[in-house]
$ cat final_12.csv   # CSV, C-alpha atoms and all ligand atoms
chain,number,residue,atom,x,y,z
H,1,MET,CA,24.6,20.9,-2.1
H,2,HIS,CA,21.0,20.5,-3.3
H,3,VAL,CA,19.5,17.2,-1.9
H,4,THR,CA,16.1,16.0,-2.9
H,5,ALA,CA,14.6,13.2,-0.9
H,6,LEU,CA,11.6,10.9,-1.8
H,7,ALA,CA,10.0,10.1,1.5
H,8,GLY,CA,7.2,8.3,3.3
H,9,GLY,CA,6.6,9.0,7.0
H,10,THR,CA,8.1,7.2,10.0
H,11,GLY,CA,10.8,5.3,8.0
H,12,ALA,CA,12.0,8.5,6.4
H,13,ALA,CA,11.9,10.9,9.3
H,14,LYS,CA,15.2,9.8,11.0
H,15,LEU,CA,17.2,9.9,7.8
H,16,LEU,CA,15.8,13.3,6.9
H,17,ARG,CA,16.7,14.6,10.3
H,18,GLY,CA,20.2,13.3,9.7
H,19,LEU,CA,20.4,15.0,6.3
H,20,THR,CA,19.4,18.4,7.7
H,21,ALA,CA,22.1,18.1,10.4
H,22,LEU,CA,24.8,17.9,7.7
H,23,PRO,CA,26.6,21.1,6.8
H,24,ASP,CA,25.9,22.4,3.3
H,25,VAL,CA,22.8,20.3,2.7
H,26,ASP,CA,19.9,22.3,1.3
H,27,LEU,CA,17.0,19.7,1.5
H,28,THR,CA,13.8,19.4,-0.5
H,29,VAL,CA,11.5,16.5,0.5
H,30,ILE,CA,9.0,15.0,-1.9
H,31,GLY,CA,6.4,13.4,0.3
H,32,ASN,CA,3.9,10.6,-0.2
H,33,THR,CA,0.2,11.5,-0.1
H,34,GLY,CA,-1.1,8.0,-1.0
H,35,ASP,CA,-2.0,7.3,2.6
H,36,ASP,CA,-3.9,10.6,3.1
H,37,THR,CA,-7.3,10.1,4.6
H,38,GLU,CA,-10.4,12.0,5.8
H,39,VAL,CA,-11.1,11.8,9.6
H,40,TRP,CA,-14.0,13.7,11.2
H,41,GLY,CA,-14.2,15.9,8.1
H,42,LEU,CA,-10.5,16.7,8.4
H,43,HIS,CA,-8.0,16.2,5.6
H,44,VAL,CA,-5.1,14.2,7.2
H,45,CYS,CA,-1.7,13.8,5.4
H,46,PRO,CA,0.1,11.3,7.7
H,47,ASP,CA,3.4,11.2,5.8
H,48,LEU,CA,3.7,14.9,5.1
H,49,ASP,CA,2.9,15.6,8.8
H,50,SER,CA,5.5,13.0,10.0
H,51,VAL,CA,8.2,14.7,7.9
H,52,THR,CA,7.1,18.2,9.0
H,53,TYR,CA,7.0,17.3,12.7
H,54,ALA,CA,10.3,15.4,12.5
H,55,LEU,CA,12.1,18.4,10.9
H,56,ALA,CA,10.4,20.8,13.3
H,57,GLY,CA,11.5,18.7,16.3
H,58,LEU,CA,7.9,18.1,17.2
H,59,LEU,CA,7.5,14.4,16.2
H,60,ASP,CA,6.5,11.8,18.8
H,61,VAL,CA,9.6,9.7,18.2
H,62,GLU,CA,8.3,6.7,20.2
H,63,ARG,CA,5.1,6.4,18.2
H,64,GLY,CA,6.8,7.6,14.9
H,65,TRP,CA,3.7,9.7,14.0
H,66,GLY,CA,1.8,12.6,15.5
H,67,ARG,CA,3.1,15.3,17.8
H,68,ARG,CA,5.0,14.8,21.0
H,69,ASP,CA,3.5,16.0,24.3
H,70,GLU,CA,0.1,15.1,22.8
H,71,THR,CA,-3.3,14.7,24.4
H,72,PHE,CA,-6.4,13.0,23.0
H,73,HIS,CA,-9.3,14.8,24.7
H,74,CYS,CA,-11.0,15.5,21.4
H,75,ARG,CA,-10.8,11.9,20.3
H,76,ASP,CA,-12.3,10.8,23.6
H,77,ALA,CA,-15.1,13.3,23.2
H,78,MET,CA,-15.7,12.0,19.7
H,79,ALA,CA,-15.9,8.5,21.0
H,80,ALA,CA,-18.4,9.6,23.6
H,81,LEU,CA,-20.5,11.1,20.7
H,82,GLY,CA,-20.4,7.7,19.0
H,83,GLU,CA,-17.9,8.6,16.3
H,84,ALA,CA,-15.3,6.1,15.0
H,85,THR,CA,-12.0,6.6,16.8
H,86,TRP,CA,-9.8,3.8,15.4
H,87,PHE,CA,-7.7,6.5,13.8
H,88,SER,CA,-6.4,8.6,16.7
H,89,ILE,CA,-6.1,12.3,16.0
H,90,GLY,CA,-4.3,14.1,18.8
H,91,ASP,CA,-5.4,17.6,20.0
H,92,ARG,CA,-2.3,19.4,18.8
H,93,ASP,CA,-2.2,17.4,15.6
H,94,ALA,CA,-5.8,18.3,15.0
H,95,ALA,CA,-4.7,22.0,14.6
H,96,THR,CA,-2.6,21.0,11.6
H,97,HIS,CA,-5.6,19.2,10.0
H,98,LEU,CA,-7.9,22.1,10.7
H,99,VAL,CA,-5.6,24.6,9.1
H,100,ARG,CA,-5.0,22.3,6.1
H,101,THR,CA,-8.7,21.5,5.6
H,102,ALA,CA,-9.8,25.1,5.8
H,103,ALA,CA,-7.1,26.1,3.2
H,104,LEU,CA,-8.1,23.3,0.8
H,105,ARG,CA,-11.8,24.3,1.2
H,106,ARG,CA,-10.8,27.8,0.2
H,107,GLY,CA,-9.3,26.3,-3.0
H,108,GLU,CA,-5.6,26.4,-2.0
H,109,PRO,CA,-3.5,23.6,-3.4
H,110,LEU,CA,-2.1,21.1,-1.0
H,111,SER,CA,1.5,22.2,-1.9
H,112,ARG,CA,0.8,25.7,-0.7
H,113,VAL,CA,-0.8,24.8,2.6
H,114,THR,CA,2.0,22.2,3.2
H,115,ALA,CA,4.6,25.0,2.8
H,116,THR,CA,2.6,27.3,5.0
H,117,ILE,CA,2.4,24.8,7.8
H,118,ALA,CA,6.1,23.8,7.5
H,119,ARG,CA,7.1,27.5,7.6
H,120,ARG,CA,4.9,28.3,10.6
H,121,LEU,CA,6.3,25.3,12.5
H,122,GLY,CA,9.9,26.6,11.8
H,123,VAL,CA,11.0,24.0,9.2
H,124,ALA,CA,13.8,25.3,7.0
H,125,SER,CA,13.7,22.6,4.4
H,126,ARG,CA,11.2,22.6,1.5
H,127,ILE,CA,8.4,19.9,1.9
H,128,LEU,CA,6.4,19.2,-1.3
H,129,PRO,CA,3.6,16.8,-1.7
H,130,MET,CA,4.2,14.5,-4.7
H,131,SER,CA,1.0,15.9,-6.2
H,132,ASP,CA,-1.8,18.3,-5.5
H,133,ASP,CA,-4.2,15.9,-7.1
H,134,PRO,CA,-5.7,13.0,-5.0
H,135,VAL,CA,-3.9,9.7,-5.2
H,136,ARG,CA,-5.0,7.0,-2.8
H,137,THR,CA,-3.2,3.7,-2.0
H,138,ILE,CA,-5.6,0.9,-2.1
H,139,VAL,CA,-4.9,-2.6,-0.7
H,140,ASP,CA,-6.9,-5.3,-2.3
H,141,THR,CA,-7.8,-8.2,0.0
H,142,PRO,CA,-9.9,-11.3,-0.5
H,143,ASP,CA,-12.7,-9.4,1.3
H,144,GLY,CA,-12.5,-6.4,-1.0
H,145,PRO,CA,-10.5,-3.2,-1.3
H,146,LEU,CA,-9.2,-1.3,1.8
H,147,ALA,CA,-7.9,2.3,1.9
H,148,PHE,CA,-4.4,2.2,3.2
H,149,GLN,CA,-5.3,3.5,6.7
H,150,GLU,CA,-8.1,1.0,7.0
H,151,TYR,CA,-5.7,-1.8,6.1
H,152,PHE,CA,-2.8,-0.5,8.3
H,153,VAL,CA,-4.5,1.0,11.4
H,154,ARG,CA,-8.1,-0.3,11.5
H,155,GLU,CA,-7.2,-3.9,10.4
H,156,HIS,CA,-3.7,-3.8,12.0
H,157,ALA,CA,-2.2,-4.9,8.6
H,158,ARG,CA,-3.5,-8.4,9.3
H,159,ALA,CA,-5.6,-8.8,6.1
H,160,LYS,CA,-4.3,-11.0,3.4
H,161,VAL,CA,-3.0,-8.8,0.6
H,162,ARG,CA,-3.8,-9.6,-3.1
H,163,ASP,CA,-2.5,-6.4,-4.6
H,164,VAL,CA,-1.6,-2.8,-4.0
H,165,ARG,CA,-2.7,0.0,-6.3
H,166,TYR,CA,-2.7,3.8,-6.5
H,167,ALA,CA,-6.1,5.1,-7.3
H,168,GLY,CA,-6.0,8.4,-9.2
H,169,ALA,CA,-2.3,8.2,-10.0
H,170,ALA,CA,-2.7,8.0,-13.7
H,171,ASP,CA,-4.5,11.4,-13.8
H,172,ALA,CA,-2.3,13.1,-11.2
H,173,ARG,CA,0.4,15.7,-12.1
H,174,PRO,CA,3.5,16.3,-10.0
H,175,ALA,CA,3.0,19.2,-7.6
H,176,PRO,CA,4.7,22.5,-8.6
H,177,GLY,CA,8.4,22.3,-7.9
H,178,VAL,CA,8.6,18.4,-7.8
H,179,VAL,CA,10.2,17.8,-11.2
H,180,GLU,CA,12.4,20.9,-10.8
H,181,ALA,CA,13.6,19.6,-7.4
H,182,LEU,CA,14.6,16.3,-9.0
H,183,VAL,CA,16.3,17.6,-12.1
H,184,SER,CA,18.2,20.3,-10.2
H,185,ALA,CA,19.4,18.1,-7.3
H,186,ASP,CA,23.0,17.2,-6.8
H,187,VAL,CA,21.9,14.1,-5.0
H,188,ILE,CA,18.5,12.4,-4.9
H,189,VAL,CA,17.9,10.2,-1.9
H,190,LEU,CA,15.3,7.5,-1.7
H,191,CYS,CA,14.5,7.2,2.0
H,192,PRO,CA,14.2,3.8,3.8
H,193,SER,CA,10.4,4.0,3.3
H,194,ASN,CA,8.0,1.3,2.3
H,195,PRO,CA,8.6,0.7,-1.4
H,196,MET,CA,5.0,-0.3,-2.0
H,197,THR,CA,3.0,2.3,0.0
H,198,SER,CA,5.4,5.2,0.5
H,199,ILE,CA,7.8,5.4,-2.5
H,200,GLY,CA,5.5,3.4,-4.9
H,201,PRO,CA,2.7,6.1,-4.9
H,202,ILE,CA,5.3,8.8,-5.6
H,203,LEU,CA,6.7,6.9,-8.6
H,204,ALA,CA,3.2,6.3,-9.9
H,205,VAL,CA,2.6,10.0,-10.6
H,206,PRO,CA,3.3,10.4,-14.3
H,207,GLY,CA,6.4,12.4,-14.9
H,208,ILE,CA,8.3,11.6,-11.7
H,209,VAL,CA,10.1,8.4,-13.0
H,210,ASP,CA,10.9,10.3,-16.2
H,211,ALA,CA,12.5,13.1,-14.1
H,212,LEU,CA,14.5,10.5,-12.1
H,213,ARG,CA,15.7,8.9,-15.3
H,214,SER,CA,16.8,12.2,-16.8
H,215,ALA,CA,18.1,13.8,-13.6
H,216,PRO,CA,21.8,14.5,-13.8
H,217,GLY,CA,22.2,14.1,-10.0
H,218,PHE,CA,23.3,10.9,-8.3
H,219,VAL,CA,20.4,8.7,-7.1
H,220,VAL,CA,21.1,6.8,-3.9
H,221,GLY,CA,18.6,4.7,-1.9
H,222,VAL,CA,18.7,3.5,1.7
H,223,SER,CA,17.2,0.0,2.0
H,224,PRO,CA,14.1,-0.3,4.3
H,225,ILE,CA,14.7,-4.1,4.2
H,226,VAL,CA,17.4,-5.6,6.5
H,227,GLY,CA,17.9,-9.3,6.3
H,228,ASP,CA,14.6,-10.7,5.0
H,229,ARG,CA,12.3,-8.3,6.7
H,230,ALA,CA,11.2,-4.6,6.8
H,231,VAL,CA,12.8,-2.5,9.5
H,232,SER,CA,9.3,-1.3,10.4
H,233,GLY,CA,5.7,-1.7,9.0
H,234,PRO,CA,4.2,-4.0,6.5
H,235,ALA,CA,6.6,-3.5,3.6
H,236,GLY,CA,7.5,-7.2,3.5
H,237,GLU,CA,3.9,-8.5,3.2
H,238,LEU,CA,3.1,-5.9,0.5
H,239,MET,CA,6.3,-6.6,-1.5
H,240,ARG,CA,5.5,-10.3,-1.4
H,241,ALA,CA,2.0,-9.7,-2.6
H,242,ARG,CA,3.5,-7.9,-5.6
H,243,GLY,CA,5.9,-10.8,-6.3
H,244,VAL,CA,8.9,-8.7,-5.2
H,245,PRO,CA,11.5,-10.6,-3.1
H,246,VAL,CA,11.7,-9.3,0.4
H,247,THR,CA,15.4,-8.7,0.3
H,248,VAL,CA,17.7,-5.8,-0.5
H,249,ALA,CA,18.0,-7.2,-4.1
H,250,GLY,CA,14.2,-6.9,-4.3
H,251,VAL,CA,14.4,-3.2,-3.3
H,252,ALA,CA,17.2,-2.7,-5.8
H,253,GLN,CA,15.2,-4.4,-8.5
H,254,LEU,CA,12.3,-2.0,-8.0
H,255,TYR,CA,14.5,1.1,-8.5
H,256,ALA,CA,17.2,-0.4,-10.7
H,257,PRO,CA,16.7,1.5,-14.0
H,258,TRP,CA,17.7,4.8,-12.4
H,259,LEU,CA,19.3,3.9,-9.1
H,260,ALA,CA,23.1,4.4,-8.9
H,261,ALA,CA,23.7,3.1,-5.4
H,262,LEU,CA,21.8,1.4,-2.5
H,263,VAL,CA,22.9,1.7,1.1
H,264,ILE,CA,22.4,-1.7,2.7
H,265,ASP,CA,23.0,-3.1,6.1
H,266,VAL,CA,26.2,-4.9,7.1
H,267,ARG,CA,24.0,-8.0,7.6
H,268,ASP,CA,23.2,-8.0,3.9
H,269,ARG,CA,26.8,-7.6,2.8
H,270,GLU,CA,26.7,-10.8,0.6
H,271,ALA,CA,23.9,-9.2,-1.6
H,272,SER,CA,26.5,-6.8,-3.0
H,273,ALA,CA,27.3,-9.0,-6.1
H,274,ARG,CA,23.6,-9.4,-6.9
H,275,LEU,CA,23.1,-5.7,-6.7
H,276,ARG,CA,26.1,-5.2,-9.1
H,277,ASP,CA,24.4,-7.5,-11.6
H,278,LEU,CA,21.4,-5.2,-11.4
H,279,GLY,CA,23.7,-2.2,-12.1
H,280,VAL,CA,23.4,-0.9,-8.6
H,281,ARG,CA,26.4,-0.2,-6.4
H,282,ALA,CA,26.1,-1.6,-2.8
H,283,VAL,CA,27.2,0.7,0.0
H,284,VAL,CA,27.5,-1.4,3.2
H,285,THR,CA,27.1,0.2,6.6
H,286,GLU,CA,25.0,0.0,9.8
H,287,THR,CA,21.5,1.2,8.7
H,288,ILE,CA,19.5,0.9,12.0
H,289,MET,CA,19.2,4.4,13.5
H,290,VAL,CA,18.6,4.5,17.2
H,291,ASN,CA,20.0,8.0,18.0
H,292,ALA,CA,20.8,11.3,16.3
H,293,ALA,CA,24.5,10.3,15.8
H,294,HIS,CA,23.3,7.2,13.8
H,295,GLU,CA,20.9,9.5,11.8
H,296,ARG,CA,23.7,11.8,10.8
H,297,ALA,CA,26.1,8.9,10.1
H,298,LEU,CA,23.7,7.2,7.7
H,299,ALA,CA,22.9,10.5,6.0
H,300,ARG,CA,26.6,11.2,5.6
H,301,VAL,CA,27.2,7.7,4.1
H,302,ALA,CA,24.4,8.3,1.5
H,303,ILE,CA,25.8,11.7,0.5
H,304,GLU,CA,29.4,10.4,0.5
H,305,ALA,CA,28.3,7.6,-1.9
H,306,ALA,CA,27.4,10.4,-4.4
H,307,ARG,CA,30.5,12.4,-3.7
H,308,SER,CA,32.8,9.4,-4.4
H,309,ALA,CA,30.9,8.4,-7.6
Y,1,LIG,N1,-1.0,5.0,13.2
Y,1,LIG,C1,-1.6,4.1,14.0
Y,1,LIG,O1,-1.1,3.0,14.1
Y,1,LIG,N2,-2.7,4.4,14.8
Y,1,LIG,C2,-3.3,5.6,14.7
Y,1,LIG,O2,-4.3,5.8,15.4
Y,1,LIG,C3,-2.7,6.6,13.9
Y,1,LIG,C4,-3.2,7.9,13.9
Y,1,LIG,C5,-2.5,8.9,13.1
Y,1,LIG,C6,-2.9,10.2,13.1
Y,1,LIG,C7,-2.2,11.2,12.4
Y,1,LIG,C8,-1.1,10.8,11.7
Y,1,LIG,O3,-0.4,11.7,11.0
Y,1,LIG,C9,-0.7,9.5,11.6
Y,1,LIG,C10,-1.4,8.5,12.4
Y,1,LIG,N3,-0.9,7.2,12.4
Y,1,LIG,C11,-1.5,6.3,13.2
Y,1,LIG,C12,0.2,6.8,11.6
Y,1,LIG,C13,-0.1,6.5,10.1
Y,1,LIG,O4,-1.0,5.5,9.9
Y,1,LIG,C14,1.2,6.1,9.4
Y,1,LIG,O5,2.2,7.1,9.8
Y,1,LIG,C15,1.3,6.2,8.0
Y,1,LIG,O6,0.2,6.4,7.2
Y,1,LIG,C16,2.3,5.1,7.4
Y,1,LIG,O7,3.2,5.7,6.7

$ encode --input "final_12.csv" --output "structure tokens" --more "lines below"
Ligand code: FO1
Amino acid sequence: MHVTALAGGTGAAKLLRGLTALPDVDLTVIGNTGDDTEVWGLHVCPDLDSVTYALAGLLDVERGWGRRDETFHCRDAMAALGEATWFSIGDRDAATHLVRTAALRRGEPLSRVTATIARRLGVASRILPMSDDPVRTIVDTPDGPLAFQEYFVREHARAKVRDVRYAGAADARPAPGVVEALVSADVIVLCPSNPMTSIGPILAVPGIVDALRSAPGFVVGVSPIVGDRAVSGPAGELMRARGVPVTVAGVAQLYAPWLAALVIDVRDREASARLRDLGVRAVVTETIMVNAAHERALARVAIEAARSA
């Protein structure tokens, strides 16, 4: 079965691992690049890397980003040289950014070097950036615009948010293989990623929503909101800033025109009727994943929702 997943980083990693553990699933991941950044002259793709490391078994699962068994000698040496180190690049992680940056400087597209890195790290699934063109998530605050990593890491997501936008999205094209992966999928999964800063930038690339609308496969999402808050990260604050209710219905509302089903937590069971009004089938289960068995179980529920459609 061909499964194509739209994914951010940390929030998506567990479900993606669960999907790859299911028999007969041939997975393609379309990853967010809106939170890409440049650090010490290196091109860093946090979400693509979190997905790659997760599927390679190399992710630091405690932190949810970067590589396990990591050291930070280079960062400490940079600090001693007076460079900014609020964005911590690990020594092993730096190798990924060095390979990527060199390839991009040679003129390779991001999609090609992403595939090379994934293959060299032993990942069997296909990982595609949403676009080879630069798209950057910008968080507008009363004190001015912040690039996503400035907002999230440097300012600890404490700034008041006025708006979220995706600079460059209007001129971006889907990366090679993205539209094909959507229209040829048996099932399209929207991972439990931040709707504003992980899935939002992907949907902002012209052509991707059209592909979702016309795709013959079943589109199922997994809610990143449980109760009235995000499972992790600043999704709640950013949804509120956009006037979107911080509830599973708010998530369904964002994806409703082309979403067939949304997997929601047992705690949100009573929202099922509201989802039905939006034309979205609610699939109720435990959505908090604390071990590999939970990851597989949630992935199976998402795929079964499609099978029973
Ligand atoms: N997150 C942090 O909170 N602090 C960091 O210093 C940090 C460094 C970092 C380096 C590489 C990388 O791939 C991710 C990193 N992240 C860090 C996580 C990153 O901000 C988030 O994973 C995403 O951008 C949110 O989806």

$ residues_near_ligand --input "final_12.csv" --ligand "ligand LIG 1 (chain Y)" --cutoff "6 Å" --atoms "only C-alpha atoms and all ligand atoms" --output "number ranges by chain"
H: 8-10, 35, 46-47, 49, 65-66, 86-89, 149, 153

$ closest_atom_pairs --input "final_12.csv" --of "stretch 14-51 of chain H" --to "stretch 183-207 of chain H" --cutoff "7 Å" --atoms "all atoms listed in the file" --output "JSON lines"
{"residue": "H:Leu15", "atom": "CA", "partner": "H:Cys191", "partner_atom": "CA", "distance": 6.9}
{"residue": "H:Asn32", "atom": "CA", "partner": "H:Ser198", "partner_atom": "CA", "distance": 5.6}
{"residue": "H:Gly34", "atom": "CA", "partner": "H:Pro201", "partner_atom": "CA", "distance": 5.8}

$ closest_residue --input "final_12.csv" --among "H:Gly221, H:Gly64, H:Gly57, H:Gly250" --to "H:Leu121" --atoms "all atoms listed in the file"
H:Gly57

$ atom_distance --input "final_12.csv" --atom1 "atom CA of H:Gly243" --atom2 "atom CA of H:Thr37"
27.0 Å

$ closest_residue --input "final_12.csv" --among "H:Leu48, H:Ala241, H:Ala273, H:Thr33" --to "H:Ala172" --atoms "all atoms listed in the file"
H:Thr33

$ closest_residue --input "final_12.csv" --among "H:Arg158, H:Gly82, H:Pro142, H:Val44" --to "H:Thr96" --atoms "all atoms listed in the file"
H:Val44

$ closest_residue --input "final_12.csv" --among "H:Leu238, H:Val226, H:Leu42, H:Ala215" --to "H:Arg269" --atoms "only C-alpha atoms"
H:Val226

$ closest_residue --input "final_12.csv" --among "H:Ala169, H:Leu81, H:Met239, H:Val263" --to "H:Val280" --atoms "all atoms listed in the file"
H:Val263

$ atom_distance --input "final_12.csv" --atom1 "atom CA of H:Val135" --atom2 "atom CA of H:Ala147"
11.0 Å

$ closest_residue --input "final_12.csv" --among "H:Leu110, H:Thr287, H:Pro224, H:Ala118" --to "H:Ala7" --atoms "all atoms listed in the file"
H:Pro224

$ atom_distance --input "final_12.csv" --atom1 "atom CA of H:Glu180" --atom2 "atom CA of H:Ala12"
21.2 Å

$ residues_around --input "final_12.csv" --residues "H:Ala260" --least-positions-apart "5" --cutoff "10 Å" --atoms "only C-alpha atoms" --output "list in words"
Gly217, Phe218, Val219, Val220, Gly221, Ala252, Tyr255, Gly279, Val280, Arg281, Ala282, Ala305, Ala306 and Ala309 of chain H

$ write_last_selection --input "final_12.csv" --atoms "C-alpha atoms" --output "PDB file, in the coordinates of the input"
ATOM      1  CA  GLY H 217      22.200  14.100 -10.000  1.00  0.00           C
ATOM      2  CA  PHE H 218      23.300  10.900  -8.300  1.00  0.00           C
ATOM      3  CA  VAL H 219      20.400   8.700  -7.100  1.00  0.00           C
ATOM      4  CA  VAL H 220      21.100   6.800  -3.900  1.00  0.00           C
ATOM      5  CA  GLY H 221      18.600   4.700  -1.900  1.00  0.00           C
ATOM      6  CA  ALA H 252      17.200  -2.700  -5.800  1.00  0.00           C
ATOM      7  CA  TYR H 255      14.500   1.100  -8.500  1.00  0.00           C
ATOM      8  CA  GLY H 279      23.700  -2.200 -12.100  1.00  0.00           C
ATOM      9  CA  VAL H 280      23.400  -0.900  -8.600  1.00  0.00           C
ATOM     10  CA  ARG H 281      26.400  -0.200  -6.400  1.00  0.00           C
ATOM     11  CA  ALA H 282      26.100  -1.600  -2.800  1.00  0.00           C
ATOM     12  CA  ALA H 305      28.300   7.600  -1.900  1.00  0.00           C
ATOM     13  CA  ALA H 306      27.400  10.400  -4.400  1.00  0.00           C
ATOM     14  CA  ALA H 309      30.900   8.400  -7.600  1.00  0.00           C
TER      15      ALA H 309
END

$ residues_around --input "final_12.csv" --residues "H:Ile288" --least-positions-apart "5" --cutoff "10 Å" --atoms "all atoms listed in the file" --output "ChimeraX atom specification"
/H:14,224,226,231,265,294-295,298

$ residues_near_point --input "final_12.csv" --point "(7.0, -9.8, -2.6)" --cutoff "12 Å" --atoms "all atoms listed in the file" --output "ChimeraX atom specification"
/H:161-164,195-196,225,228-230,234-251,253-254

$ write_last_selection --input "final_12.csv" --atoms "C-alpha atoms" --output "mmCIF file, keeping the file's coordinate frame"
data_model
loop_
_atom_site.group_PDB
_atom_site.id
_atom_site.type_symbol
_atom_site.label_atom_id
_atom_site.label_comp_id
_atom_site.auth_asym_id
_atom_site.auth_seq_id
_atom_site.Cartn_x
_atom_site.Cartn_y
_atom_site.Cartn_z
ATOM 1 C CA VAL H 161 -3.000 -8.800 0.600
ATOM 2 C CA ARG H 162 -3.800 -9.600 -3.100
ATOM 3 C CA ASP H 163 -2.500 -6.400 -4.600
ATOM 4 C CA VAL H 164 -1.600 -2.800 -4.000
ATOM 5 C CA PRO H 195 8.600 0.700 -1.400
ATOM 6 C CA MET H 196 5.000 -0.300 -2.000
ATOM 7 C CA ILE H 225 14.700 -4.100 4.200
ATOM 8 C CA ASP H 228 14.600 -10.700 5.000
ATOM 9 C CA ARG H 229 12.300 -8.300 6.700
ATOM 10 C CA ALA H 230 11.200 -4.600 6.800
ATOM 11 C CA PRO H 234 4.200 -4.000 6.500
ATOM 12 C CA ALA H 235 6.600 -3.500 3.600
ATOM 13 C CA GLY H 236 7.500 -7.200 3.500
ATOM 14 C CA GLU H 237 3.900 -8.500 3.200
ATOM 15 C CA LEU H 238 3.100 -5.900 0.500
ATOM 16 C CA MET H 239 6.300 -6.600 -1.500
ATOM 17 C CA ARG H 240 5.500 -10.300 -1.400
ATOM 18 C CA ALA H 241 2.000 -9.700 -2.600
ATOM 19 C CA ARG H 242 3.500 -7.900 -5.600
ATOM 20 C CA GLY H 243 5.900 -10.800 -6.300
ATOM 21 C CA VAL H 244 8.900 -8.700 -5.200
ATOM 22 C CA PRO H 245 11.500 -10.600 -3.100
ATOM 23 C CA VAL H 246 11.700 -9.300 0.400
ATOM 24 C CA THR H 247 15.400 -8.700 0.300
ATOM 25 C CA VAL H 248 17.700 -5.800 -0.500
ATOM 26 C CA ALA H 249 18.000 -7.200 -4.100
ATOM 27 C CA GLY H 250 14.200 -6.900 -4.300
ATOM 28 C CA VAL H 251 14.400 -3.200 -3.300
ATOM 29 C CA GLN H 253 15.200 -4.400 -8.500
ATOM 30 C CA LEU H 254 12.300 -2.000 -8.000
#

$ residues_around --input "final_12.csv" --residues "H:Pro176" --least-positions-apart "2" --cutoff "10 Å" --atoms "all atoms listed in the file" --output "PyMOL selection string"
chain H and resi 109+111-112+128-132+173-174+178-181
